[in-house]
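Colleague: If you scroll down you'll find the structure; I have some questions about it.
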Amino acid sequence: MQILDGKIISEKLKLEIAEEAAELLTHIGRKPHLVAVLVGHDGGSETYVASKMRNCEKVGFQSSLVRYEDDVSEEELLEKVAELNNDDGIDGIIVQLPLPKHINPDKVTDLIDFRKDVDGFHPVNLGRMLRNLPSFVPATPYGITLLLKAYGIETAGMHCVVVGRSTIVGSPMSVLMSRNAHPGNCTVTICHSRTPDIKKYTLEADILIVAIGKKNFITADMVKDGVIVIDVGMNRETSTQTKSGYKLYGDVDFENVAPKASWITPVPGGVGLMTIIGLLKNTLAAARKEIYA
């Protein structure tokens with residue numbers, strides 16, 4: 001068993017991103033600029049946004065945070081997104097999910113200018129990705145492909161099983177692993193909460209990507225020897241054993257699955273760190289106008 005270490009690879013890639021951002025500063029006279037919009041005070045969202053802002057600063061980006069309370073109206077939030085769209089000094093916009101129940105997240109996502117949609121959730125970017133055209137790819141799937149590539153893992157011809165069908169991770173991940181690219185060229189099966197006997201499919205996986213949001217959902221009896229395991233799960237539980245007061249668990253029972261795996265991502269220290277890299281690379285591409293002029 002070998003670890004797919006998101007910490008090592010993310011630090012290496014951040015150095016590369018910082019160099020490219022410095023070069024861009026000399027060419028256009030400003031830093032890449034990412035704006036995050038945060039509604040409410042959800043603990044997980046607070047942590048994720050703080051990490052994104054902190055990493056922007058590390059690589060020489062400008063970052064701005066727009067905050068609203070839980071009771072902000074949908075209309076006010078949409079007006080702010082429209083304002084950010086029209087600001088030429090902003091390259092990337094992210095609206096942290098989840099949003100309060102009275103706000104339709106699809107309305108917000110669809111309003112973000114697809115040329116600034118560095119989360120890769122806009123229908124234009126998802127559609128272009130499906131057609132294998134240049135686009136902003138959702139940050140978590142993008143980060144996973146970067147991790148596989150960094151470790152030189154050959155995926156062509158493998159059977160990839162994706163557990164979870166969200167538009168943020170599972171669905172785009174299945175597209176990326178099936179298309180004619182590296183990593184890719186897999187035969188892909190996608191499973192979800194309505195799939196009967198998921199174990200039947202996970203046992204067939206050469207590559208198993210799990211994004212179902214349930215602590216230790218994948219157990220040792222559900223995988224075959226030599227499987228490559230990508231654990232996207234970030235399940236927070238309160239804990240008296242950590243300074244933060246909580247502990248993170250993956251969707252995979254790491255302790256018992258790892259001995260059967262050829263490669264596996266840890267939680268934390270795996271996919272989460274690579275998600276940040278996907279976001280940073282998308283923001284840099286937006287600032288350089290690599291995808292959309």
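Lettering and numbering for the structure tokens are positional, with chains as A, B, ... in the shown order, residues counted from 1 in each chain, and ligands counted from 1 in the shown order.
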Per residue of range 174-246 of chain A within 8 Å of range 130-142 of chain A, what are the shortest atom pair and its distance in Å to one decimal, counting only C-alpha atoms, with rows by chain and residue number, as CSV?
Modeller:
```
residue,atom,partner,partner_atom,distance
A:Val175,CA,A:Leu130,CA,6.6
A:Leu176,CA,A:Pro141,CA,7.8
A:Arg179,CA,A:Asn132,CA,7.3
```
Colleague: Write out as a list in words each polymer residue whose atoms come within 12 Å of Thr195 in chain A, counting only C-alpha atoms; drop sequence neighbours fewer than 6 positions from it.
Modeller: Val162, Val163, Gly164, Arg165, Thr189, Tyr201 and Thr202 of chain A
Colleague: If you measure from CA of His159 in chain A to CA of Phe217 in chain A, what distance in Å do you get, rounded to one decimal?
Modeller: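 Here the two named atoms are 20.1 Å from each other.
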Colleague: Quick one: everything within 12 Å of Ile230 in chain A, counting only C-alpha atoms, minus sequence neighbours fewer than 6 positions away in the same chain. Send it as a PyMOL selection string.
Modeller: chain A and resi 3-6+140-141+143-145+147-148+160-163+169-170+173+205-212+218+250-254+257-258+261-267+269-272+274
Colleague: Write out as a list of chain:residue names the set of residues from range 154-185 of chain A that DSSP, computed on the backbone, places in strand (DSSP E or B).
Modeller: A:His159, A:Cys160, A:Val161, A:Val162, A:Val163
Colleague: May I have the residues within 8 Å of Gly213 in chain A as a PyMOL selection string, using only C-alpha atoms and disregarding those fewer than 3 positions away in the same chain?
Modeller: chain A and resi 233-235+251
Colleague: How about saving the chosen residues, C-alpha atoms kept, as a CSV table (one decimal), in the first residue's frame?
Modeller:
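What follows is the written file selection_14.csv:
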```
chain,number,residue,atom,x,y,z
A,233,GLY,CA,-15.3,12.1,2.2
A,234,MET,CA,-15.0,14.9,4.8
A,235,ASN,CA,-17.2,13.8,7.7
A,251,ASP,CA,-16.1,7.7,3.4
```
Colleague: Which residues, written as a ChimeraX atom specification, have at least one atom at most 7 Å from Gln96 in chain A, with only C-alpha atoms counted and residues fewer than 6 positions away on the same chain left out?
Modeller: /A:37-38,45
Colleague: Please produce a file of the residues just selected, as a JSON list (two decimals), in the first residue's frame, where the atoms kept are all heavy atoms.
Modeller:
```json
[["chain", "number", "residue", "atom", "x", "y", "z"],
["A", 37, "VAL", "N", -17.89, 34.29, -1.63],
["A", 37, "VAL", "CA", -19.10, 34.78, -0.98],
["A", 37, "VAL", "C", -19.54, 33.72, 0.03],
["A", 37, "VAL", "O", -19.75, 32.55, -0.33],
["A", 37, "VAL", "CB", -20.22, 35.04, -2.00],
["A", 37, "VAL", "CG1", -21.48, 35.55, -1.29],
["A", 37, "VAL", "CG2", -19.77, 36.04, -3.07],
["A", 38, "LEU", "N", -19.66, 34.13, 1.28],
["A", 38, "LEU", "CA", -20.01, 33.21, 2.36],
["A", 38, "LEU", "C", -21.28, 33.70, 3.05],
["A", 38, "LEU", "O", -21.35, 34.84, 3.51],
["A", 38, "LEU", "CB", -18.87, 33.12, 3.38],
["A", 38, "LEU", "CG", -19.09, 32.25, 4.61],
["A", 38, "LEU", "CD1", -19.33, 30.80, 4.22],
["A", 38, "LEU", "CD2", -17.89, 32.35, 5.55],
["A", 45, "SER", "N", -18.19, 25.42, 6.36],
["A", 45, "SER", "CA", -18.02, 26.45, 5.33],
["A", 45, "SER", "C", -17.00, 27.50, 5.76],
["A", 45, "SER", "O", -16.18, 27.95, 4.96],
["A", 45, "SER", "CB", -19.37, 27.12, 5.04],
["A", 45, "SER", "OG", -20.26, 26.20, 4.42]]
```
Colleague: By how many Å are CA of Glu16 in chain A and CA of Asp117 in chain A apart?
Modeller: 22.0 Å
Colleague: Neighbours of Ile28 in chain A within 12 Å (only C-alpha atoms; same-chain residues fewer than 4 positions away dropped), as an NGL selection string?
Modeller: :A and (21-24 or 32 or 89 or 287-289)
Colleague: For the residues in that selection, give me C-alpha atoms as a compact mmCIF listing (two decimals), in the first residue's frame.
Modeller:
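For reference, part03.txt as written:
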```txt
# COMPACT_ATOMS: atom_id res chain seq x y z
CA ALA A 21 1.22 34.22 -10.69
CA ALA A 22 4.36 36.32 -10.24
CA GLU A 23 5.01 36.20 -13.98
CA LEU A 24 1.42 37.26 -14.64
CA PRO A 32 -5.13 37.02 -9.98
CA GLY A 89 -10.70 43.43 -11.54
CA ALA A 287 -6.70 35.61 -14.94
CA ARG A 288 -4.61 34.54 -17.94
CA LYS A 289 -7.75 34.16 -20.07
```
